[in-house]
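start.cif follows; it contains mmCIF, C-alpha atoms.
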```
data_target
#
loop_
_atom_site.group_PDB
_atom_site.id
_atom_site.type_symbol
_atom_site.label_atom_id
_atom_site.label_comp_id
_atom_site.auth_asym_id
_atom_site.auth_seq_id
_atom_site.Cartn_x
_atom_site.Cartn_y
_atom_site.Cartn_z
ATOM 1 C CA MET I 934 85.684 19.531 34.086
ATOM 2 C CA SER I 935 88.109 20.199 36.921
ATOM 3 C CA VAL I 936 85.473 19.894 39.639
ATOM 4 C CA ALA I 937 85.704 16.117 40.066
ATOM 5 C CA PRO I 938 89.511 15.922 40.235
ATOM 6 C CA THR I 939 89.570 18.809 42.688
ATOM 7 C CA ALA I 940 86.975 17.147 44.898
ATOM 8 C CA THR I 941 88.862 13.847 44.752
ATOM 9 C CA TYR I 942 92.090 15.596 45.701
ATOM 10 C CA ARG I 943 90.427 17.254 48.678
ATOM 11 C CA VAL I 944 89.002 13.955 49.870
ATOM 12 C CA ARG I 945 92.411 12.290 49.591
ATOM 13 C CA ALA I 946 94.115 15.191 51.349
ATOM 14 C CA ALA I 947 91.578 15.066 54.181
ATOM 15 C CA SER I 948 92.063 11.301 54.462
ATOM 16 C CA ARG I 949 95.844 11.695 54.633
ATOM 17 C CA ALA I 950 95.504 14.427 57.276
ATOM 18 C CA THR I 951 93.201 12.212 59.342
ATOM 19 C CA ARG I 952 95.601 9.278 59.132
ATOM 20 C CA GLY I 953 98.474 11.553 60.135
ATOM 21 C CA ALA I 954 96.526 12.850 63.133
ATOM 22 C CA TRP I 955 95.733 9.280 64.217
ATOM 23 C CA ARG I 956 99.403 8.280 63.888
ATOM 24 C CA ARG I 957 100.505 11.242 65.988
ATOM 25 C CA SER I 958 97.852 10.428 68.572
ATOM 26 C CA ASP I 959 98.962 6.780 68.692
ATOM 27 C CA ALA I 960 102.601 7.835 69.095
ATOM 28 C CA VAL I 961 101.709 10.096 72.033
ATOM 29 C CA LEU I 962 99.655 7.315 73.607
ATOM 30 C CA ARG I 963 102.470 4.789 73.230
ATOM 31 C CA THR I 964 104.964 7.240 74.698
ATOM 32 C CA ALA I 965 102.724 7.962 77.695
ATOM 33 C CA THR I 966 102.154 4.242 78.279
ATOM 34 C CA ILE I 967 105.885 3.506 78.129
ATOM 35 C CA VAL I 968 106.779 6.381 80.471
ATOM 36 C CA LEU I 969 104.140 5.410 83.025
ATOM 37 C CA GLY I 970 105.135 1.758 82.753
ATOM 38 C CA VAL I 971 108.775 2.630 83.386
ATOM 39 C CA ILE I 972 107.835 4.691 86.460
ATOM 40 C CA VAL I 973 105.735 1.850 87.881
ATOM 41 C CA ILE I 974 108.205 -0.951 87.100
ATOM 42 C CA VAL I 975 111.263 0.907 88.381
ATOM 43 C CA THR I 976 109.378 1.916 91.536
ATOM 44 C CA VAL I 977 108.245 -1.645 92.233
ATOM 45 C CA ILE I 978 111.745 -3.047 91.706
ATOM 46 C CA ALA I 979 113.358 -0.367 93.872
ATOM 47 C CA VAL I 980 110.883 -0.795 96.729
ATOM 48 C CA LEU I 981 110.887 -4.612 96.731
ATOM 49 C CA THR I 982 114.633 -5.085 96.352
ATOM 50 C CA GLY I 983 115.883 -2.054 98.270
ATOM 51 C CA VAL I 984 118.580 -1.641 95.638
ATOM 52 C CA THR I 985 118.644 2.135 96.083
ATOM 53 C CA GLY I 986 119.405 1.900 99.795
ATOM 54 C CA SER I 987 117.612 2.509 103.066
ATOM 55 C CA THR I 988 114.986 5.197 103.424
ATOM 56 C CA SER I 989 116.056 5.991 106.987
ATOM 57 C CA ALA I 990 119.854 5.658 106.963
ATOM 58 C CA THR I 991 122.010 8.781 107.029
ATOM 59 C CA VAL I 992 124.463 8.725 104.112
ATOM 60 C CA GLY I 993 125.935 12.217 104.264
ATOM 61 C CA GLY I 994 125.491 15.768 105.421
ATOM 62 C CA ARG I 995 122.269 17.737 105.330
ATOM 63 C CA LEU I 996 121.038 19.058 101.971
ATOM 64 C CA GLU I 997 124.047 17.876 99.991
ATOM 65 C CA GLY I 998 124.147 17.581 96.236
ATOM 66 C CA PRO I 999 124.399 14.361 94.210
ATOM 67 C CA SER I 1000 127.048 11.873 95.271
ATOM 68 C CA ALA I 1001 127.853 8.171 94.977
ATOM 69 C CA LEU I 1002 125.746 7.296 98.038
ATOM 70 C CA ALA I 1003 122.975 9.806 97.229
ATOM 71 C CA PRO I 1004 122.555 10.036 93.425
ATOM 72 C CA ILE I 1005 120.070 12.920 93.625
ATOM 73 C CA GLY I 1006 121.215 14.454 96.896
ATOM 74 C CA THR I 1007 120.252 14.256 100.558
ATOM 75 C CA ASP I 1008 117.344 15.679 102.506
ATOM 76 C CA ASN I 1009 117.337 17.829 105.640
ATOM 77 C CA LEU I 1010 118.316 14.813 107.796
ATOM 78 C CA GLY I 1011 121.132 13.598 105.581
ATOM 79 C CA ARG I 1012 119.134 10.709 104.112
ATOM 80 C CA SER I 1013 119.408 9.815 100.435
ATOM 81 C CA LEU I 1014 116.501 11.296 98.508
ATOM 82 C CA LEU I 1015 116.379 8.528 95.892
ATOM 83 C CA PRO I 1016 114.976 5.668 98.032
ATOM 84 C CA ARG I 1017 112.526 8.078 99.656
ATOM 85 C CA LEU I 1018 111.429 9.198 96.202
ATOM 86 C CA PHE I 1019 110.667 5.606 95.216
ATOM 87 C CA GLN I 1020 108.921 5.002 98.543
ATOM 88 C CA GLY I 1021 106.836 8.145 98.065
ATOM 89 C CA THR I 1022 105.922 7.208 94.496
ATOM 90 C CA ALA I 1023 104.897 3.714 95.593
ATOM 91 C CA THR I 1024 102.789 5.073 98.442
ATOM 92 C CA THR I 1025 101.015 7.574 96.195
ATOM 93 C CA LEU I 1026 100.308 4.965 93.526
ATOM 94 C CA VAL I 1027 99.108 2.308 95.982
ATOM 95 C CA VAL I 1028 96.803 4.692 97.850
ATOM 96 C CA SER I 1029 95.405 6.085 94.588
ATOM 97 C CA ILE I 1030 94.887 2.708 92.916
ATOM 98 C CA VAL I 1031 93.197 1.160 95.968
ATOM 99 C CA ALA I 1032 90.918 4.190 96.284
ATOM 100 C CA VAL I 1033 89.977 4.140 92.597
ATOM 101 C CA LEU I 1034 89.230 0.406 92.683
ATOM 102 C CA CYS I 1035 86.909 0.952 95.649
ATOM 103 C CA SER I 1036 85.327 3.955 93.962
ATOM 104 C CA ALA I 1037 84.858 2.090 90.672
ATOM 105 C CA PHE I 1038 83.146 -0.819 92.451
ATOM 106 C CA VAL I 1039 80.752 1.417 94.402
ATOM 107 C CA SER I 1040 80.085 3.756 91.464
ATOM 108 C CA THR I 1041 79.418 0.874 89.078
ATOM 109 C CA LEU I 1042 76.952 -0.727 91.470
ATOM 110 C CA LEU I 1043 75.111 2.510 92.254
ATOM 111 C CA GLY I 1044 75.146 3.723 88.649
ATOM 112 C CA MET I 1045 73.801 0.427 87.324
ATOM 113 C CA LEU I 1046 71.036 0.339 89.933
ATOM 114 C CA ALA I 1047 70.050 3.948 89.221
ATOM 115 C CA GLY I 1048 70.161 3.562 85.444
ATOM 116 C CA TYR I 1049 68.396 0.209 85.319
ATOM 117 C CA TYR I 1050 65.572 0.774 87.798
ATOM 118 C CA GLY I 1051 65.092 4.531 87.509
ATOM 119 C CA GLY I 1052 62.346 6.078 89.590
ATOM 120 C CA ALA I 1053 62.931 6.348 93.341
ATOM 121 C CA VAL I 1054 66.228 4.441 93.184
ATOM 122 C CA ASN I 1055 67.559 6.838 90.569
ATOM 123 C CA GLU I 1056 66.435 9.891 92.547
ATOM 124 C CA ALA I 1057 67.973 8.661 95.798
ATOM 125 C CA VAL I 1058 71.342 7.826 94.221
ATOM 126 C CA MET I 1059 71.547 10.984 92.138
ATOM 127 C CA ARG I 1060 70.584 13.334 94.967
ATOM 128 C CA VAL I 1061 73.316 11.921 97.199
ATOM 129 C CA ALA I 1062 75.761 12.243 94.300
ATOM 130 C CA ASP I 1063 74.652 15.843 93.741
ATOM 131 C CA VAL I 1064 75.288 16.723 97.389
ATOM 132 C CA LEU I 1065 78.809 15.282 97.269
ATOM 133 C CA TYR I 1066 79.492 16.829 93.867
ATOM 134 C CA ALA I 1067 78.532 20.278 95.160
ATOM 135 C CA PHE I 1068 81.532 20.395 97.514
ATOM 136 C CA PRO I 1069 84.916 21.543 96.148
ATOM 137 C CA ALA I 1070 87.040 18.407 95.859
ATOM 138 C CA LEU I 1071 89.959 19.426 98.061
ATOM 139 C CA VAL I 1072 87.685 20.969 100.714
ATOM 140 C CA LEU I 1073 85.686 17.745 100.911
ATOM 141 C CA ALA I 1074 88.891 15.707 101.131
ATOM 142 C CA ILE I 1075 90.210 17.882 103.969
ATOM 143 C CA LEU I 1076 86.875 17.587 105.787
ATOM 144 C CA VAL I 1077 86.886 13.786 105.578
ATOM 145 C CA SER I 1078 90.534 13.591 106.635
ATOM 146 C CA ALA I 1079 89.930 15.966 109.542
ATOM 147 C CA LEU I 1080 87.051 13.796 110.763
ATOM 148 C CA LEU I 1081 88.931 10.503 110.414
ATOM 149 C CA GLY I 1082 92.404 11.703 111.313
ATOM 150 C CA PRO I 1083 95.397 11.901 108.957
ATOM 151 C CA GLY I 1084 96.854 8.766 107.420
ATOM 152 C CA ARG I 1085 96.429 6.338 104.550
ATOM 153 C CA PRO I 1086 92.854 5.252 105.406
ATOM 154 C CA ALA I 1087 91.684 8.858 105.510
ATOM 155 C CA ALA I 1088 93.347 9.582 102.166
ATOM 156 C CA ILE I 1089 91.729 6.527 100.555
ATOM 157 C CA ILE I 1090 88.258 7.343 101.885
ATOM 158 C CA SER I 1091 88.629 10.989 100.847
ATOM 159 C CA ILE I 1092 89.486 9.972 97.281
ATOM 160 C CA VAL I 1093 86.568 7.533 97.172
ATOM 161 C CA VAL I 1094 84.112 10.189 98.364
ATOM 162 C CA ILE I 1095 85.420 12.672 95.780
ATOM 163 C CA THR I 1096 85.450 10.362 92.760
ATOM 164 C CA ILE I 1097 82.186 8.489 93.349
ATOM 165 C CA PRO I 1098 79.735 11.253 92.267
ATOM 166 C CA LEU I 1099 81.024 11.813 88.730
ATOM 167 C CA MET I 1100 81.692 8.138 88.050
ATOM 168 C CA THR I 1101 78.206 7.234 89.273
ATOM 169 C CA ARG I 1102 76.638 9.820 86.976
ATOM 170 C CA VAL I 1103 78.483 8.552 83.909
ATOM 171 C CA VAL I 1104 77.829 4.872 84.679
ATOM 172 C CA ARG I 1105 74.167 5.643 85.254
ATOM 173 C CA ILE I 1106 73.881 7.365 81.854
ATOM 174 C CA ALA I 1107 75.637 4.466 80.097
ATOM 175 C CA THR I 1108 73.463 1.916 81.905
ATOM 176 C CA ARG I 1109 70.294 3.733 80.981
ATOM 177 C CA ALA I 1110 71.300 3.823 77.309
ATOM 178 C CA VAL I 1111 72.090 0.090 77.257
ATOM 179 C CA SER I 1112 68.944 -0.807 79.223
ATOM 180 C CA GLU I 1113 66.783 0.571 76.415
ATOM 181 C CA ARG I 1114 68.254 -1.771 73.815
ATOM 182 C CA ASP I 1115 66.353 -4.718 72.449
ATOM 183 C CA PHE I 1116 68.523 -7.475 73.937
ATOM 184 C CA ILE I 1117 67.982 -6.114 77.474
ATOM 185 C CA ILE I 1118 64.237 -5.781 76.927
ATOM 186 C CA SER I 1119 64.132 -9.328 75.510
ATOM 187 C CA ALA I 1120 66.006 -10.644 78.541
ATOM 188 C CA ARG I 1121 63.512 -8.962 80.858
ATOM 189 C CA ILE I 1122 60.554 -10.379 78.976
ATOM 190 C CA SER I 1123 62.145 -13.836 78.980
ATOM 191 C CA GLY I 1124 62.326 -13.754 82.776
ATOM 192 C CA VAL I 1125 66.101 -13.587 83.090
ATOM 193 C CA ARG I 1126 67.042 -12.683 86.637
ATOM 194 C CA THR I 1127 68.284 -9.160 87.281
ATOM 195 C CA PRO I 1128 71.732 -10.200 88.626
ATOM 196 C CA VAL I 1129 72.278 -12.227 85.453
ATOM 197 C CA ILE I 1130 71.283 -9.263 83.291
ATOM 198 C CA PHE I 1131 73.663 -7.053 85.231
ATOM 199 C CA ALA I 1132 76.591 -9.471 84.992
ATOM 200 C CA ARG I 1133 76.157 -10.805 81.447
ATOM 201 C CA ARG I 1134 74.363 -8.038 79.576
ATOM 202 C CA LEU I 1135 74.908 -4.659 81.202
ATOM 203 C CA LEU I 1136 78.412 -4.853 82.637
ATOM 204 C CA PRO I 1137 80.191 -6.013 79.451
ATOM 205 C CA ASN I 1138 78.538 -3.217 77.474
ATOM 206 C CA ILE I 1139 79.522 -0.434 79.883
ATOM 207 C CA SER I 1140 82.988 -1.756 80.798
ATOM 208 C CA GLY I 1141 84.612 0.662 78.361
ATOM 209 C CA THR I 1142 82.941 3.616 80.033
ATOM 210 C CA ILE I 1143 84.013 2.353 83.443
ATOM 211 C CA ALA I 1144 87.627 1.968 82.285
ATOM 212 C CA VAL I 1145 87.716 5.499 80.876
ATOM 213 C CA GLN I 1146 86.252 7.036 84.022
ATOM 214 C CA ALA I 1147 88.554 4.991 86.247
ATOM 215 C CA SER I 1148 91.604 6.290 84.386
ATOM 216 C CA TYR I 1149 90.520 9.888 84.869
ATOM 217 C CA ALA I 1150 89.650 9.151 88.512
ATOM 218 C CA LEU I 1151 93.178 7.792 89.003
ATOM 219 C CA SER I 1152 94.725 11.080 87.919
ATOM 220 C CA VAL I 1153 92.377 12.935 90.289
ATOM 221 C CA ALA I 1154 93.279 10.491 93.065
ATOM 222 C CA ILE I 1155 97.012 11.109 92.655
ATOM 223 C CA LEU I 1156 96.441 14.850 92.720
ATOM 224 C CA VAL I 1157 94.183 14.698 95.789
ATOM 225 C CA GLU I 1158 96.552 12.394 97.669
ATOM 226 C CA GLY I 1159 99.416 14.741 96.912
ATOM 227 C CA GLY I 1160 97.397 17.734 98.058
ATOM 228 C CA LEU I 1161 96.303 16.064 101.294
ATOM 229 C CA SER I 1162 99.844 14.942 102.163
ATOM 230 C CA PHE I 1163 101.190 18.370 101.298
ATOM 231 C CA LEU I 1164 98.704 19.972 103.691
ATOM 232 C CA GLY I 1165 99.412 17.435 106.445
ATOM 233 C CA PHE I 1166 96.135 15.485 106.204
ATOM 234 C CA GLY I 1167 97.431 12.496 104.250
ATOM 235 C CA VAL I 1168 100.409 10.197 104.684
ATOM 236 C CA GLN I 1169 102.438 10.976 107.786
ATOM 237 C CA VAL I 1170 106.146 10.641 108.598
ATOM 238 C CA PRO I 1171 108.133 8.420 108.795
ATOM 239 C CA GLU I 1172 106.331 7.210 105.650
ATOM 240 C CA ALA I 1173 106.728 9.141 102.437
ATOM 241 C CA SER I 1174 104.498 10.181 99.550
ATOM 242 C CA LEU I 1175 105.074 12.575 96.684
ATOM 243 C CA GLY I 1176 102.994 15.290 98.332
ATOM 244 C CA LEU I 1177 104.765 14.837 101.654
ATOM 245 C CA LEU I 1178 108.194 14.993 99.985
ATOM 246 C CA ILE I 1179 107.214 18.245 98.279
ATOM 247 C CA GLN I 1180 105.932 19.656 101.574
ATOM 248 C CA GLN I 1181 109.162 18.750 103.376
ATOM 249 C CA GLY I 1182 111.318 20.147 100.594
ATOM 250 C CA MET I 1183 109.491 23.489 100.369
ATOM 251 C CA LEU I 1184 111.444 24.846 103.355
ATOM 252 C CA TYR I 1185 114.749 24.276 101.559
ATOM 253 C CA MET I 1186 113.727 25.003 97.980
ATOM 254 C CA THR I 1187 116.148 27.896 97.473
ATOM 255 C CA GLN I 1188 119.069 25.843 98.802
ATOM 256 C CA THR I 1189 118.295 22.412 97.313
ATOM 257 C CA PRO I 1190 115.525 22.778 94.693
ATOM 258 C CA GLN I 1191 115.720 19.094 93.733
ATOM 259 C CA LEU I 1192 113.835 18.251 96.941
ATOM 260 C CA VAL I 1193 110.767 19.841 95.367
ATOM 261 C CA VAL I 1194 111.459 19.690 91.637
ATOM 262 C CA ILE I 1195 112.053 15.926 91.365
ATOM 263 C CA PRO I 1196 108.990 14.696 93.347
ATOM 264 C CA GLY I 1197 106.902 17.392 91.656
ATOM 265 C CA ALA I 1198 108.074 16.269 88.221
ATOM 266 C CA VAL I 1199 107.210 12.631 88.980
ATOM 267 C CA LEU I 1200 103.761 13.722 90.177
ATOM 268 C CA VAL I 1201 103.068 15.866 87.106
ATOM 269 C CA ILE I 1202 104.406 13.306 84.618
ATOM 270 C CA SER I 1203 102.354 10.504 86.191
ATOM 271 C CA ILE I 1204 99.143 12.529 86.029
ATOM 272 C CA LEU I 1205 99.855 13.635 82.459
ATOM 273 C CA CYS I 1206 100.537 10.079 81.281
ATOM 274 C CA ILE I 1207 97.379 8.749 82.946
ATOM 275 C CA ASN I 1208 95.271 11.485 81.328
ATOM 276 C CA ILE I 1209 96.746 10.684 77.900
ATOM 277 C CA ILE I 1210 96.020 6.993 78.424
ATOM 278 C CA GLY I 1211 92.483 7.915 79.476
ATOM 279 C CA ASP I 1212 92.039 9.866 76.236
ATOM 280 C CA GLY I 1213 93.281 6.830 74.326
ATOM 281 C CA LEU I 1214 90.790 4.588 76.105
ATOM 282 C CA ARG I 1215 88.023 7.042 75.279
ATOM 283 C CA ASP I 1216 89.018 6.977 71.603
ATOM 284 C CA ARG I 1217 89.062 3.190 71.714
ATOM 285 C CA PHE I 1218 85.704 2.669 73.415
ATOM 286 C CA GLU I 1219 83.855 5.697 72.029
ATOM 287 C CA PRO I 1220 85.003 5.888 68.396
ATOM 288 C CA ARG I 1221 81.898 7.653 67.074
ATOM 289 C CA GLU I 1222 82.344 10.523 69.496
ATOM 290 C CA THR I 1223 86.041 10.739 68.566
ATOM 291 C CA ARG I 1224 85.329 10.946 64.855
ATOM 292 C CA SER I 1225 82.744 13.652 65.352
ATOM 293 C CA LEU I 1226 85.179 15.778 67.331
ATOM 294 C CA ARG I 1227 88.106 15.523 64.902
#
```

Output the structure of this file as structure tokens.
Amino acid sequence: MSVAPTATYRVRAASRATRGAWRRSDAVLRTATIVLGVIVIVTVIAVLTGVTGSTSATVGGRLEGPSALAPIGTDNLGRSLLPRLFQGTATTLVVSIVAVLCSAFVSTLLGMLAGYYGGAVNEAVMRVADVLYAFPALVLAILVSALLGPGRPAAIISIVVITIPLMTRVVRIATRAVSERDFIISARISGVRTPVIFARRLLPNISGTIAVQASYALSVAILVEGGLSFLGFGVQVPEASLGLLIQQGMLYMTQTPQLVVIPGAVLVISILCINIIGDGLRDRFEPRETRSLR
């Protein structure tokens, strides 16, 4: 006679545990969104208004600690680190976002063509993606940057080349799954033009997948841009990026560790927040997969 109450209790306990896990997940997602939003907003305000000071003016001695004119210290040339930190963060974010937007556009187009038409189109797109995917990401980025010369354009193109293969694969799989549904088949039979099917039928149904992959690609882009600038193949002086600031501060890490620790912390926190937001987007657009994994 105690079987039913026990079973009911277990079901209720499991339901409460699931709700608690969802609440914790939502709290982490909100926190990550707020932190990333604060980083972006503060960076934009600081760069546009110049409220933190000049990035090139000397405000004190070399490698000094925090002061009124340099709230987080000075670099090896006596410049305040704070405005250069905001400049570096802005550069890294702009380069990464532009690269991911380009990559998302190209990957969406190629993935939709490969998934919708199949056959020779699918083979051609996937074989090129396989070749690019076979290279280690940073090695491929260095190769592209070495061929084009260091700078922002080389960093953007390197990120695009690295992120296209995986995004194209995922978009192609999503497109193929949607293309087999009845409303796509009906549109084909009815004589609806292919561009209309792409724009009004396919794209809205795979937009969630594209958003999730773009968020993950953004975290990869920030990491790759930082790595390229650190190695001297990305952004060049007198500009600044997070990777370049870390590279410049490495020589003085034992004397003034904030030159490395602060840009490194901004880089890590940004990537972590973007990955958490990407997980939240995945849970939002792929709820069945999320429930099966929890």

Selected by the PyMOL selection byres ((chain I and resi 999) around 12) in the shown coordinates: which residues, as a PDB file with C-alpha atoms, keeping the file's coordinate frame?
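Result went into part11.pdb, see below:
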```pdb
ATOM      1  CA  VAL I 992     124.463   8.725 104.112  1.00  0.00           C
ATOM      2  CA  GLY I 993     125.935  12.217 104.264  1.00  0.00           C
ATOM      3  CA  GLY I 994     125.491  15.768 105.421  1.00  0.00           C
ATOM      4  CA  ARG I 995     122.269  17.737 105.330  1.00  0.00           C
ATOM      5  CA  LEU I 996     121.038  19.058 101.971  1.00  0.00           C
ATOM      6  CA  GLU I 997     124.047  17.876  99.991  1.00  0.00           C
ATOM      7  CA  GLY I 998     124.147  17.581  96.236  1.00  0.00           C
ATOM      8  CA  SER I1000     127.048  11.873  95.271  1.00  0.00           C
ATOM      9  CA  ALA I1001     127.853   8.171  94.977  1.00  0.00           C
ATOM     10  CA  LEU I1002     125.746   7.296  98.038  1.00  0.00           C
ATOM     11  CA  ALA I1003     122.975   9.806  97.229  1.00  0.00           C
ATOM     12  CA  PRO I1004     122.555  10.036  93.425  1.00  0.00           C
ATOM     13  CA  ILE I1005     120.070  12.920  93.625  1.00  0.00           C
ATOM     14  CA  GLY I1006     121.215  14.454  96.896  1.00  0.00           C
ATOM     15  CA  THR I1007     120.252  14.256 100.558  1.00  0.00           C
ATOM     16  CA  ASP I1008     117.344  15.679 102.506  1.00  0.00           C
ATOM     17  CA  GLY I1011     121.132  13.598 105.581  1.00  0.00           C
ATOM     18  CA  ARG I1012     119.134  10.709 104.112  1.00  0.00           C
ATOM     19  CA  SER I1013     119.408   9.815 100.435  1.00  0.00           C
ATOM     20  CA  LEU I1014     116.501  11.296  98.508  1.00  0.00           C
ATOM     21  CA  LEU I1015     116.379   8.528  95.892  1.00  0.00           C
ATOM     22  CA  THR I1189     118.295  22.412  97.313  1.00  0.00           C
ATOM     23  CA  GLN I1191     115.720  19.094  93.733  1.00  0.00           C
ATOM     24  CA  LEU I1192     113.835  18.251  96.941  1.00  0.00           C
TER      25      LEU I1192
END
```

Inset, instruction - Would you list the contacts of region 1045-1055 of chain I as an MDAnalysis selection string, taking every protein, DNA or RNA residue within 9 Å and counting all atoms listed in the file, but skipping same-chain residues closer than 5 positions in sequence? - result: chainID I and resid 1040 1060 1101 1104:1112 1131 1135:1136

Legend entry - Selection under test: the PyMOL selection byres ((chain I and resi 969) around 12); residues as a PyMOL selection string: chain I and resi 962-968+970-976+1022+1026+1199-1210

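Nearest to Gly1160 (chain I) of all the residues I:Leu981, I:Met1059, I:Leu1010, I:Ile1092 is I:Ile1092, based on all atoms listed in the file.
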
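With only C-alpha atoms as the atoms that count, the minimum distance from Leu1034 (chain I) to the choices I:Thr1096, I:Val1125, I:Gly1211, I:Thr982 is reached by I:Thr1096.
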
Inset, instruction - Evaluate the PyMOL selection byres ((chain I and resi 1088) around 9) and record the selected residues as a VMD selection string, following the chain and residue labels used in the document. - result: chain I and resid 1028 to 1029 1032 1074 1077 to 1078 1083 to 1087 1089 to 1093 1157 to 1158 1161 to 1162 1166 to 1168

Write to file, as a PDB file, in the coordinates of the input, the residues of the selection just made, with C-alpha atoms.
```pdb
ATOM      1  CA  VAL I1028      96.803   4.692  97.850  1.00  0.00           C
ATOM      2  CA  SER I1029      95.405   6.085  94.588  1.00  0.00           C
ATOM      3  CA  ALA I1032      90.918   4.190  96.284  1.00  0.00           C
ATOM      4  CA  ALA I1074      88.891  15.707 101.131  1.00  0.00           C
ATOM      5  CA  VAL I1077      86.886  13.786 105.578  1.00  0.00           C
ATOM      6  CA  SER I1078      90.534  13.591 106.635  1.00  0.00           C
ATOM      7  CA  PRO I1083      95.397  11.901 108.957  1.00  0.00           C
ATOM      8  CA  GLY I1084      96.854   8.766 107.420  1.00  0.00           C
ATOM      9  CA  ARG I1085      96.429   6.338 104.550  1.00  0.00           C
ATOM     10  CA  PRO I1086      92.854   5.252 105.406  1.00  0.00           C
ATOM     11  CA  ALA I1087      91.684   8.858 105.510  1.00  0.00           C
ATOM     12  CA  ILE I1089      91.729   6.527 100.555  1.00  0.00           C
ATOM     13  CA  ILE I1090      88.258   7.343 101.885  1.00  0.00           C
ATOM     14  CA  SER I1091      88.629  10.989 100.847  1.00  0.00           C
ATOM     15  CA  ILE I1092      89.486   9.972  97.281  1.00  0.00           C
ATOM     16  CA  VAL I1093      86.568   7.533  97.172  1.00  0.00           C
ATOM     17  CA  VAL I1157      94.183  14.698  95.789  1.00  0.00           C
ATOM     18  CA  GLU I1158      96.552  12.394  97.669  1.00  0.00           C
ATOM     19  CA  LEU I1161      96.303  16.064 101.294  1.00  0.00           C
ATOM     20  CA  SER I1162      99.844  14.942 102.163  1.00  0.00           C
ATOM     21  CA  PHE I1166      96.135  15.485 106.204  1.00  0.00           C
ATOM     22  CA  GLY I1167      97.431  12.496 104.250  1.00  0.00           C
ATOM     23  CA  VAL I1168     100.409  10.197 104.684  1.00  0.00           C
TER      24      VAL I1168
END
```

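Coordinates place CA of Arg1134 (chain I) at a distance of 8.1 Å from CA of Phe1116 (chain I).
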
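You will find CA of Gly1021 (chain I) at 11.5 Å from CA of Ile1195 (chain I).
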
Using only the atoms of region 1133-1138 of chain I listed in the file, plus 5 Å on each side, state the axis-aligned box centre and edge lengths in Å rounded to one decimal, as AutoDock Vina command-line options.
```
--center_x 77.3 --center_y -7.0 --center_z 80.1 --size_x 15.8 --size_y 17.6 --size_z 15.2
```

Legend entry - Among the residues I:Ile978, I:Ile1143, I:Val1094, I:Leu1175, the one that comes closest to Gly1044 (chain I) [using only C-alpha atoms]: I:Ile1143

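Computed from the coordinates, the CA of Ala1132 (chain I) to CA of Gly1213 (chain I) distance equals 25.7 Å.
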
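The residue that comes closest to Pro1098 (chain I), out of I:Ser1174, I:Thr991, I:Gln1169, I:Gln1146 and on the basis of all atoms listed in the file, is I:Gln1146.
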
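Here the question is which of I:Val1058, I:Leu1042, I:Ala1198, I:Val1033 gets nearest to Ala1147 (chain I) using all atoms listed in the file, and that residue is I:Val1033.
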